[in-house]
Amino acid sequence: MFKKLIDLYRKTIYVSRLTSVGNKKLRIFLSVILSNAAVGLDILIIVTFSTLLTEEIAYSNEAIVNLISYLSESLLILPALVVLRFLFLLIEKLNIETLSLEVAEKLRFYVMKETFTKGNLSTSDAYYYITQVSVHISSFYRSFATFLNSCLQIIGYSLFLIYTDINIFSIFFIGAMILVIPTRFLIKRGKHYQHVSFVEAKNVNSYIQRIIDNVFLIKILKTMKKEFGNFGNLLKNYTSSQTSNVTYGALNSILPTFATLFILSFLFTTSTFVKTISIEFIGVLLRLFQSLSAFNNGLNLVINSSVHVEELYKLNKQSPEIQLNNYVINNNLEHAVKIDKVNFRYFNSDENLFTDLNISFEKGAHTIITGPNGSGKSTILGLISGLYIPQTGKVSISSNKVGYIGVTPLIIEGTIKDNLLYGNDIEVDDKDILSILDKFSFSPESKNLSLDTIISNTSLSSGQMQKVSFMRSLLNNSEILLLDEATSNLDENSKKLIFDILSDKEITIINSTHTKDDFVYNYELRISVDDNNRKITIY
């Protein structure tokens with residue numbers, strides 16, 4: 001157990017450095033100070049209320065007697081202490097919550113950059129790490145501050161109770177020690193189900209992406225019932241694991257308070273104890289066991305957050321080594337693209353998607369890539385574009401002018417000109433833009449077409465969006481054009497028009513498609529899968 005805590009501490013420190021949020025330790029320390037200042041005020045307020053109710057001071061220490069007398073006799077000091085306690089807790093809460101938000105912000109930005117540089121994250125993995133893992137890790141600091149606060153609160157309340165009546169306190173101390181056994185069990189089960197939830201959440205996220213990416217095909221083939229059934233089962237698995245996690249966490253957090261009241265109910269049945277227990281003892285005792293509940297809850301949350309800390313640590317330290325020089329641009333390359341002895345696998349995968357992959361793509365040729373879903377067609381495009389970097393082997397391309405058109409083209413909220421020149425680093429005359437718009441017979445719904453017409457992905461049809469992507473690539477003088485089901489939303493006339501235009505450009509086209517009969521092409525690269533082994537055949 002001790003080794004695991006040391007390992008978690010080491011990983012937490014590493015992940016903490018990734019956040020680049022300053023003064024984290026100082027802010028956590030401030031939170032602890034404020035929270036425990038509130039504890040001192042709590043005790044003063046409880047003791048003062050007890051004195052006012054019983055009209056007796058149950059302490060012999062002269063300094064304490066004088067302080068309680070002063071608080072009891074003043075009409076304004078007690079309300080001022082209540083306000084001060086409120087301010088301490090408010091500042092402490094805002095301090096730790098803003099820290100958590102800042103950590104989430106920095107981590108999400110960091111993971112977004114890692115998605116582009118790591119070179120082996122699938123889209124669903126990248127999305128999950130950015131939207132979920134980063135946020136869960138940010139809550140680690142809040143949970144850790146709660147855990148530290150409750151530790152010191154327990155010490156503060158315990159010291160007061162020991163001073164008041166050590167004999168009665170010892171009974172509750174023994175009860176607290178007994179609680180360690182079920183607490184340890186509940187935390188262990190909670191962490192198990194948090195890990196299960198993590199895995200199930202990734203499965204749900206991946207399936208959402210699959211459904212959204214294939215929404216047209218699912219509707220056309222009328223497989224909604226099957227897909228929704230599978231999605232519903234994944235959601236049930238996730239909900240079930242989260243429910244188990246929440247259940248164990250809830251039991252762990254309420255157990256100390258339950259035990260306190262349970263023991264008190266027995267003690268109060270004995271008249272001797274009723275006479276010896278003071279009101280302030282009961283009040284502080286209840287606050288002590290509320291702190292124990294907070295301690296259990298904080299520890300549970302810290303352990304749960306550690307699942308995500310370990311995952312982010314693994315993303316950076318234990319994923320396959322990515323060598324950026326495995327992807328090169330060589331202007332003297334004989335072929336447009338050469339993939340040489342490439343081994344590639346995605347993050348969190350134990351098996352290579354491609355092993356010893358060797359492919360060459362001819363310059364100026366149109367090569368289509370065919371194969372079943374999941375065979376790796378889009379992955380090959382990702383390797384060619386540099387989105388994915390192989391673990392070993394080398395991908396070489398002859399030009400850095402690479403264009404890409406997918407089934408869901410990128411359309412930004414802006415003018416037609418903004419969209420057509422997005423990512424373009426060369427000067428383009430307005431006449432050239434208008435000329436290519438005319439060639440592509442592009443006309444948004446607005447009859448008054450101009451370069452300043454505002455468009456978005458909601459104002460254009462799917463076919464128009466794909467036309468924008470084709471025009472963008474041509475205006476950027478792309479020499480290698482990657483297509484991923486890029487004509488799926490175009491009618492026959494538009495397809496013919498576009499490929500007539502492309503044929504005049506004599507550029508290299510590498511085209512992943514399920515409908516090869518729609519194209520006139522030079523080569524077909526067919527991927528077949530047998531027992532997870534991929535075979536490449538070129539025709």
# chains A, B, ... in the order shown; residues from 1 in each chain; ligands from 1

call {"tool": "residues_around", "arguments": {"residues": "A:Leu381", "least_positions_apart": "4", "cutoff": "9 Å", "atoms": "only C-alpha atoms", "output": "NGL selection string"}}
result
:A and (376-377 or 385-388 or 482-484 or 510-512)

call {"tool": "write_last_selection", "arguments": {"atoms": "N, CA, C and O atoms", "output": "PDB file, in the first residue's frame"}}
result
ATOM      1  N   GLY A 376      -7.919   0.007 -42.001  1.00  0.00           N
ATOM      2  CA  GLY A 376      -6.779   0.921 -41.885  1.00  0.00           C
ATOM      3  C   GLY A 376      -6.632   1.889 -43.044  1.00  0.00           C
ATOM      4  O   GLY A 376      -5.569   2.511 -43.203  1.00  0.00           O
ATOM      5  N   LYS A 377      -7.686   2.057 -43.843  1.00  0.00           N
ATOM      6  CA  LYS A 377      -7.605   2.974 -44.995  1.00  0.00           C
ATOM      7  C   LYS A 377      -7.313   4.409 -44.535  1.00  0.00           C
ATOM      8  O   LYS A 377      -6.394   5.065 -45.040  1.00  0.00           O
ATOM      9  N   SER A 385      -0.135  11.993 -44.220  1.00  0.00           N
ATOM     10  CA  SER A 385      -0.265  13.417 -43.889  1.00  0.00           C
ATOM     11  C   SER A 385       0.622  13.836 -42.727  1.00  0.00           C
ATOM     12  O   SER A 385       0.855  15.022 -42.504  1.00  0.00           O
ATOM     13  N   GLY A 386       1.123  12.855 -41.961  1.00  0.00           N
ATOM     14  CA  GLY A 386       1.911  13.177 -40.774  1.00  0.00           C
ATOM     15  C   GLY A 386       1.075  13.304 -39.521  1.00  0.00           C
ATOM     16  O   GLY A 386       1.603  13.607 -38.446  1.00  0.00           O
ATOM     17  N   LEU A 387      -0.236  13.073 -39.640  1.00  0.00           N
ATOM     18  CA  LEU A 387      -1.088  13.084 -38.455  1.00  0.00           C
ATOM     19  C   LEU A 387      -0.656  11.973 -37.499  1.00  0.00           C
ATOM     20  O   LEU A 387      -0.599  12.164 -36.284  1.00  0.00           O
ATOM     21  N   TYR A 388      -0.348  10.795 -38.059  1.00  0.00           N
ATOM     22  CA  TYR A 388       0.162   9.680 -37.276  1.00  0.00           C
ATOM     23  C   TYR A 388       1.632   9.456 -37.629  1.00  0.00           C
ATOM     24  O   TYR A 388       2.025   9.572 -38.799  1.00  0.00           O
ATOM     25  N   LEU A 482      -5.199  14.106 -50.571  1.00  0.00           N
ATOM     26  CA  LEU A 482      -5.708  12.939 -49.846  1.00  0.00           C
ATOM     27  C   LEU A 482      -7.224  13.046 -49.745  1.00  0.00           C
ATOM     28  O   LEU A 482      -7.751  14.056 -49.266  1.00  0.00           O
ATOM     29  N   LEU A 483      -7.915  12.010 -50.183  1.00  0.00           N
ATOM     30  CA  LEU A 483      -9.377  11.996 -50.165  1.00  0.00           C
ATOM     31  C   LEU A 483      -9.852  10.841 -49.289  1.00  0.00           C
ATOM     32  O   LEU A 483      -9.387   9.709 -49.443  1.00  0.00           O
ATOM     33  N   ASP A 484     -10.756  11.142 -48.369  1.00  0.00           N
ATOM     34  CA  ASP A 484     -11.310  10.108 -47.487  1.00  0.00           C
ATOM     35  C   ASP A 484     -12.828  10.164 -47.595  1.00  0.00           C
ATOM     36  O   ASP A 484     -13.486  10.939 -46.924  1.00  0.00           O
ATOM     37  N   ILE A 510      -4.566  10.343 -53.695  1.00  0.00           N
ATOM     38  CA  ILE A 510      -4.646   9.091 -52.935  1.00  0.00           C
ATOM     39  C   ILE A 510      -6.012   9.088 -52.276  1.00  0.00           C
ATOM     40  O   ILE A 510      -6.310   9.939 -51.431  1.00  0.00           O
ATOM     41  N   ASN A 511      -6.851   8.140 -52.664  1.00  0.00           N
ATOM     42  CA  ASN A 511      -8.291   8.242 -52.454  1.00  0.00           C
ATOM     43  C   ASN A 511      -8.821   7.010 -51.709  1.00  0.00           C
ATOM     44  O   ASN A 511      -8.881   5.915 -52.267  1.00  0.00           O
ATOM     45  N   SER A 512      -9.191   7.179 -50.433  1.00  0.00           N
ATOM     46  CA  SER A 512      -9.799   6.095 -49.661  1.00  0.00           C
ATOM     47  C   SER A 512     -11.301   6.095 -49.920  1.00  0.00           C
ATOM     48  O   SER A 512     -11.973   7.104 -49.700  1.00  0.00           O
TER      49      SER A 512
END

call {"tool": "select_by_dssp", "arguments": {"residues": "stretch 309-358 of chain A", "states": "strand (DSSP E)", "output": "list of chain:residue names"}}
result
A:Tyr327, A:Val328, A:Ile329, A:Val337, A:Lys338, A:Ile339, A:Asp340, A:Lys341, A:Val342, A:Asn343, A:Phe344, A:Phe354, A:Thr355, A:Asp356, A:Leu357, A:Asn358

call {"tool": "write_last_selection", "arguments": {"atoms": "all heavy atoms", "output": "compact mmCIF listing (two decimals), in the first residue's frame"}}
result
# COMPACT_ATOMS: atom_id res chain seq x y z
N TYR A 327 9.03 10.54 -40.03
CA TYR A 327 8.22 11.17 -41.07
C TYR A 327 9.05 12.30 -41.69
O TYR A 327 9.46 13.22 -40.98
CB TYR A 327 6.92 11.73 -40.48
CG TYR A 327 6.02 12.41 -41.49
CD1 TYR A 327 5.16 11.67 -42.29
CD2 TYR A 327 6.06 13.80 -41.65
CE1 TYR A 327 4.33 12.29 -43.21
CE2 TYR A 327 5.24 14.43 -42.57
CZ TYR A 327 4.38 13.67 -43.35
OH TYR A 327 3.57 14.29 -44.27
N VAL A 328 9.33 12.21 -42.99
CA VAL A 328 10.21 13.20 -43.61
C VAL A 328 9.61 13.71 -44.92
O VAL A 328 8.83 13.02 -45.59
CB VAL A 328 11.62 12.62 -43.90
CG1 VAL A 328 12.32 12.24 -42.61
CG2 VAL A 328 11.54 11.43 -44.84
N ILE A 329 9.96 14.93 -45.26
CA ILE A 329 9.62 15.52 -46.55
C ILE A 329 10.90 15.59 -47.37
O ILE A 329 11.88 16.23 -46.98
CB ILE A 329 9.01 16.93 -46.38
CG1 ILE A 329 7.72 16.83 -45.57
CG2 ILE A 329 8.75 17.57 -47.75
CD1 ILE A 329 7.17 18.18 -45.16
N VAL A 337 4.91 9.34 -52.57
CA VAL A 337 4.93 8.88 -51.18
C VAL A 337 5.61 7.52 -51.13
O VAL A 337 5.37 6.66 -51.99
CB VAL A 337 3.50 8.74 -50.60
CG1 VAL A 337 3.55 8.20 -49.18
CG2 VAL A 337 2.75 10.07 -50.64
N LYS A 338 6.47 7.34 -50.14
CA LYS A 338 7.08 6.03 -49.93
C LYS A 338 6.97 5.66 -48.46
O LYS A 338 7.42 6.40 -47.58
CB LYS A 338 8.55 6.06 -50.35
CG LYS A 338 9.23 4.69 -50.26
CD LYS A 338 10.64 4.73 -50.84
CE LYS A 338 11.34 3.37 -50.71
NZ LYS A 338 10.61 2.28 -51.40
N ILE A 339 6.31 4.54 -48.21
CA ILE A 339 6.15 4.02 -46.84
C ILE A 339 7.05 2.79 -46.74
O ILE A 339 6.84 1.79 -47.44
CB ILE A 339 4.68 3.67 -46.56
CG1 ILE A 339 3.80 4.93 -46.65
CG2 ILE A 339 4.53 3.02 -45.18
CD1 ILE A 339 2.33 4.67 -46.49
N ASP A 340 8.06 2.87 -45.87
CA ASP A 340 9.11 1.87 -45.85
C ASP A 340 9.21 1.19 -44.47
O ASP A 340 9.55 1.83 -43.47
CB ASP A 340 10.44 2.54 -46.20
CG ASP A 340 11.58 1.54 -46.36
OD1 ASP A 340 11.31 0.39 -46.77
OD2 ASP A 340 12.72 1.91 -46.07
N LYS A 341 8.88 -0.10 -44.44
CA LYS A 341 9.03 -0.94 -43.24
C LYS A 341 8.37 -0.31 -42.01
O LYS A 341 8.94 -0.28 -40.92
CB LYS A 341 10.51 -1.22 -42.96
CG LYS A 341 11.21 -1.99 -44.06
CD LYS A 341 12.67 -2.22 -43.74
CE LYS A 341 13.36 -2.98 -44.86
NZ LYS A 341 14.80 -3.19 -44.61
N VAL A 342 7.17 0.15 -42.19
CA VAL A 342 6.47 0.88 -41.12
C VAL A 342 5.73 -0.07 -40.19
O VAL A 342 4.99 -0.96 -40.63
CB VAL A 342 5.49 1.91 -41.74
CG1 VAL A 342 4.41 2.31 -40.72
CG2 VAL A 342 6.25 3.14 -42.19
N ASN A 343 5.94 0.13 -38.89
CA ASN A 343 5.13 -0.51 -37.85
C ASN A 343 4.36 0.59 -37.13
O ASN A 343 4.95 1.58 -36.70
CB ASN A 343 6.01 -1.26 -36.85
CG ASN A 343 6.70 -2.46 -37.48
OD1 ASN A 343 6.11 -3.16 -38.29
ND2 ASN A 343 7.95 -2.69 -37.11
N PHE A 344 3.05 0.40 -37.03
CA PHE A 344 2.24 1.44 -36.38
C PHE A 344 1.16 0.80 -35.53
O PHE A 344 0.48 -0.15 -35.94
CB PHE A 344 1.58 2.35 -37.41
CG PHE A 344 0.67 3.37 -36.79
CD1 PHE A 344 1.18 4.51 -36.19
CD2 PHE A 344 -0.71 3.17 -36.76
CE1 PHE A 344 0.34 5.44 -35.58
CE2 PHE A 344 -1.56 4.09 -36.16
CZ PHE A 344 -1.02 5.22 -35.57
N PHE A 354 -0.47 -1.97 -38.43
CA PHE A 354 0.33 -2.35 -39.59
C PHE A 354 1.71 -2.81 -39.11
O PHE A 354 2.32 -2.20 -38.24
CB PHE A 354 0.51 -1.17 -40.55
CG PHE A 354 -0.75 -0.79 -41.29
CD1 PHE A 354 -1.40 0.40 -41.00
CD2 PHE A 354 -1.28 -1.63 -42.26
CE1 PHE A 354 -2.55 0.75 -41.66
CE2 PHE A 354 -2.43 -1.28 -42.94
CZ PHE A 354 -3.08 -0.10 -42.64
N THR A 355 2.18 -3.90 -39.71
CA THR A 355 3.50 -4.43 -39.41
C THR A 355 4.30 -4.57 -40.69
O THR A 355 3.82 -5.18 -41.66
CB THR A 355 3.40 -5.80 -38.71
OG1 THR A 355 2.65 -5.65 -37.49
CG2 THR A 355 4.78 -6.36 -38.38
N ASP A 356 5.49 -3.96 -40.71
CA ASP A 356 6.37 -4.01 -41.87
C ASP A 356 5.63 -3.60 -43.16
O ASP A 356 5.66 -4.30 -44.17
CB ASP A 356 6.96 -5.42 -42.02
CG ASP A 356 8.22 -5.43 -42.88
OD1 ASP A 356 8.88 -4.38 -42.96
OD2 ASP A 356 8.51 -6.47 -43.50
N LEU A 357 4.98 -2.46 -43.09
CA LEU A 357 4.19 -1.95 -44.22
C LEU A 357 5.11 -1.28 -45.24
O LEU A 357 5.89 -0.39 -44.90
CB LEU A 357 3.15 -0.96 -43.71
CG LEU A 357 2.25 -0.29 -44.75
CD1 LEU A 357 1.38 -1.31 -45.45
CD2 LEU A 357 1.38 0.79 -44.09
N ASN A 358 5.01 -1.72 -46.50
CA ASN A 358 5.82 -1.15 -47.58
C ASN A 358 4.90 -0.79 -48.75
O ASN A 358 4.29 -1.67 -49.36
CB ASN A 358 6.88 -2.15 -48.06
CG ASN A 358 7.91 -2.45 -47.00
OD1 ASN A 358 8.83 -1.68 -46.78
ND2 ASN A 358 7.75 -3.59 -46.32

call {"tool": "atom_distance", "arguments": {"atom1": "atom CA of A:Ser240", "atom2": "atom CA of A:Phe144"}}
result
26.3 Å

call {"tool": "closest_residue", "arguments": {"among": "A:Thr508, A:Ser459, A:Asn296, A:Asn325", "to": "A:Leu179", "atoms": "only C-alpha atoms"}}
result
A:Asn296

call {"tool": "residues_around", "arguments": {"residues": "stretch 423-429 of chain A", "least_positions_apart": "5", "cutoff": "9 Å", "atoms": "only C-alpha atoms", "output": "list in words"}}
result
Leu434, Arg472, Ser473, Leu475 and Asn476 of chain A

call {"tool": "closest_residue", "arguments": {"among": "A:Thr98, A:Asn149, A:Gln323, A:Ser122", "to": "A:Ser31", "atoms": "only C-alpha atoms"}}
result
A:Asn149

call {"tool": "atom_distance", "arguments": {"atom1": "atom CA of A:Gly156", "atom2": "atom CA of A:Leu34"}}
result
13.3 Å

call {"tool": "residues_around", "arguments": {"residues": "A:Gly232", "least_positions_apart": "5", "cutoff": "12 Å", "atoms": "only C-alpha atoms", "output": "list in words"}}
result
Asn203, Val204, Tyr207, Ile208, Met224, Lys225, Lys226, Glu227, Asn237, Tyr238 and Thr239 of chain A

call {"tool": "closest_residue", "arguments": {"among": "A:Thr183, A:Thr257, A:Ser291, A:Thr370", "to": "A:Ser158", "atoms": "only C-alpha atoms"}}
result
A:Ser291

call {"tool": "residues_around", "arguments": {"residues": "A:Tyr193", "least_positions_apart": "3", "cutoff": "6 Å", "atoms": "only C-alpha atoms", "output": "list of chain:residue names"}}
result
A:Gly190, A:Val196, A:Ser197, A:Ser241, A:Asn245

call {"tool": "residues_around", "arguments": {"residues": "stretch 435-444 of chain A", "least_positions_apart": "3", "cutoff": "8 Å", "atoms": "only C-alpha atoms", "output": "VMD selection string"}}
result
chain A and resid 431 to 432 447 449 459 to 460 464 467 471 494 497 to 498

call {"tool": "write_last_selection", "arguments": {"atoms": "N, CA, C and O atoms", "output": "PDB file, in the first residue's frame"}}
result
ATOM      1  N   LYS A 431      -9.540  37.503 -58.363  1.00  0.00           N
ATOM      2  CA  LYS A 431      -9.995  37.005 -59.666  1.00  0.00           C
ATOM      3  C   LYS A 431      -9.830  35.492 -59.762  1.00  0.00           C
ATOM      4  O   LYS A 431     -10.675  34.795 -60.332  1.00  0.00           O
ATOM      5  N   ASP A 432      -8.733  34.979 -59.179  1.00  0.00           N
ATOM      6  CA  ASP A 432      -8.501  33.530 -59.198  1.00  0.00           C
ATOM      7  C   ASP A 432      -9.536  32.800 -58.343  1.00  0.00           C
ATOM      8  O   ASP A 432      -9.970  31.692 -58.671  1.00  0.00           O
ATOM      9  N   LYS A 447     -28.542  34.352 -53.447  1.00  0.00           N
ATOM     10  CA  LYS A 447     -28.414  34.658 -54.876  1.00  0.00           C
ATOM     11  C   LYS A 447     -27.325  35.695 -55.121  1.00  0.00           C
ATOM     12  O   LYS A 447     -26.725  35.730 -56.189  1.00  0.00           O
ATOM     13  N   LEU A 449     -24.101  36.204 -54.648  1.00  0.00           N
ATOM     14  CA  LEU A 449     -22.847  35.566 -54.290  1.00  0.00           C
ATOM     15  C   LEU A 449     -21.696  36.568 -54.376  1.00  0.00           C
ATOM     16  O   LEU A 449     -21.538  37.265 -55.370  1.00  0.00           O
ATOM     17  N   SER A 459     -25.274  26.615 -43.166  1.00  0.00           N
ATOM     18  CA  SER A 459     -25.853  27.322 -44.321  1.00  0.00           C
ATOM     19  C   SER A 459     -25.534  26.630 -45.636  1.00  0.00           C
ATOM     20  O   SER A 459     -26.087  26.986 -46.672  1.00  0.00           O
ATOM     21  N   LEU A 460     -24.625  25.647 -45.598  1.00  0.00           N
ATOM     22  CA  LEU A 460     -24.246  24.932 -46.812  1.00  0.00           C
ATOM     23  C   LEU A 460     -24.732  23.493 -46.773  1.00  0.00           C
ATOM     24  O   LEU A 460     -24.856  22.896 -45.708  1.00  0.00           O
ATOM     25  N   GLN A 464     -21.933  21.081 -51.004  1.00  0.00           N
ATOM     26  CA  GLN A 464     -21.271  22.384 -51.116  1.00  0.00           C
ATOM     27  C   GLN A 464     -20.031  22.456 -50.223  1.00  0.00           C
ATOM     28  O   GLN A 464     -19.003  23.030 -50.601  1.00  0.00           O
ATOM     29  N   LYS A 467     -17.238  20.732 -51.892  1.00  0.00           N
ATOM     30  CA  LYS A 467     -16.703  21.570 -52.970  1.00  0.00           C
ATOM     31  C   LYS A 467     -15.750  22.632 -52.412  1.00  0.00           C
ATOM     32  O   LYS A 467     -14.698  22.911 -52.995  1.00  0.00           O
ATOM     33  N   MET A 471     -11.856  23.184 -53.534  1.00  0.00           N
ATOM     34  CA  MET A 471     -11.353  24.477 -54.024  1.00  0.00           C
ATOM     35  C   MET A 471     -10.226  24.989 -53.129  1.00  0.00           C
ATOM     36  O   MET A 471      -9.246  25.562 -53.615  1.00  0.00           O
ATOM     37  N   SER A 494     -21.440  16.626 -60.265  1.00  0.00           N
ATOM     38  CA  SER A 494     -20.411  17.324 -59.479  1.00  0.00           C
ATOM     39  C   SER A 494     -19.137  16.494 -59.409  1.00  0.00           C
ATOM     40  O   SER A 494     -18.022  17.036 -59.498  1.00  0.00           O
ATOM     41  N   LEU A 497     -17.418  16.799 -62.749  1.00  0.00           N
ATOM     42  CA  LEU A 497     -16.869  18.147 -62.879  1.00  0.00           C
ATOM     43  C   LEU A 497     -15.560  18.280 -62.097  1.00  0.00           C
ATOM     44  O   LEU A 497     -14.549  18.775 -62.617  1.00  0.00           O
ATOM     45  N   ILE A 498     -15.572  17.805 -60.834  1.00  0.00           N
ATOM     46  CA  ILE A 498     -14.401  17.947 -59.974  1.00  0.00           C
ATOM     47  C   ILE A 498     -13.218  17.151 -60.504  1.00  0.00           C
ATOM     48  O   ILE A 498     -12.086  17.647 -60.571  1.00  0.00           O
TER      49      ILE A 498
END

call {"tool": "select_by_dssp", "arguments": {"residues": "stretch 370-491 of chain A", "states": "alpha helix (DSSP H)", "output": "PyMOL selection string"}}
result
chain A and resi 377-385+416-420+430-439+462-475

call {"tool": "closest_residue", "arguments": {"among": "A:Asp452, A:Asp518, A:Asp504, A:Glu413", "to": "A:Asp430", "atoms": "only C-alpha atoms"}}
result
A:Asp452

call {"tool": "residues_around", "arguments": {"residues": "A:Val307", "least_positions_apart": "3", "cutoff": "10 Å", "atoms": "only C-alpha atoms", "output": "MDAnalysis selection string"}}
result
chainID A and resid 8 133 136:137 191:192 194:196 198 302:304 310:313

call {"tool": "closest_residue", "arguments": {"among": "A:Phe347, A:His335, A:Thr379, A:Ile43", "to": "A:Ile359", "atoms": "only C-alpha atoms"}}
result
A:His335
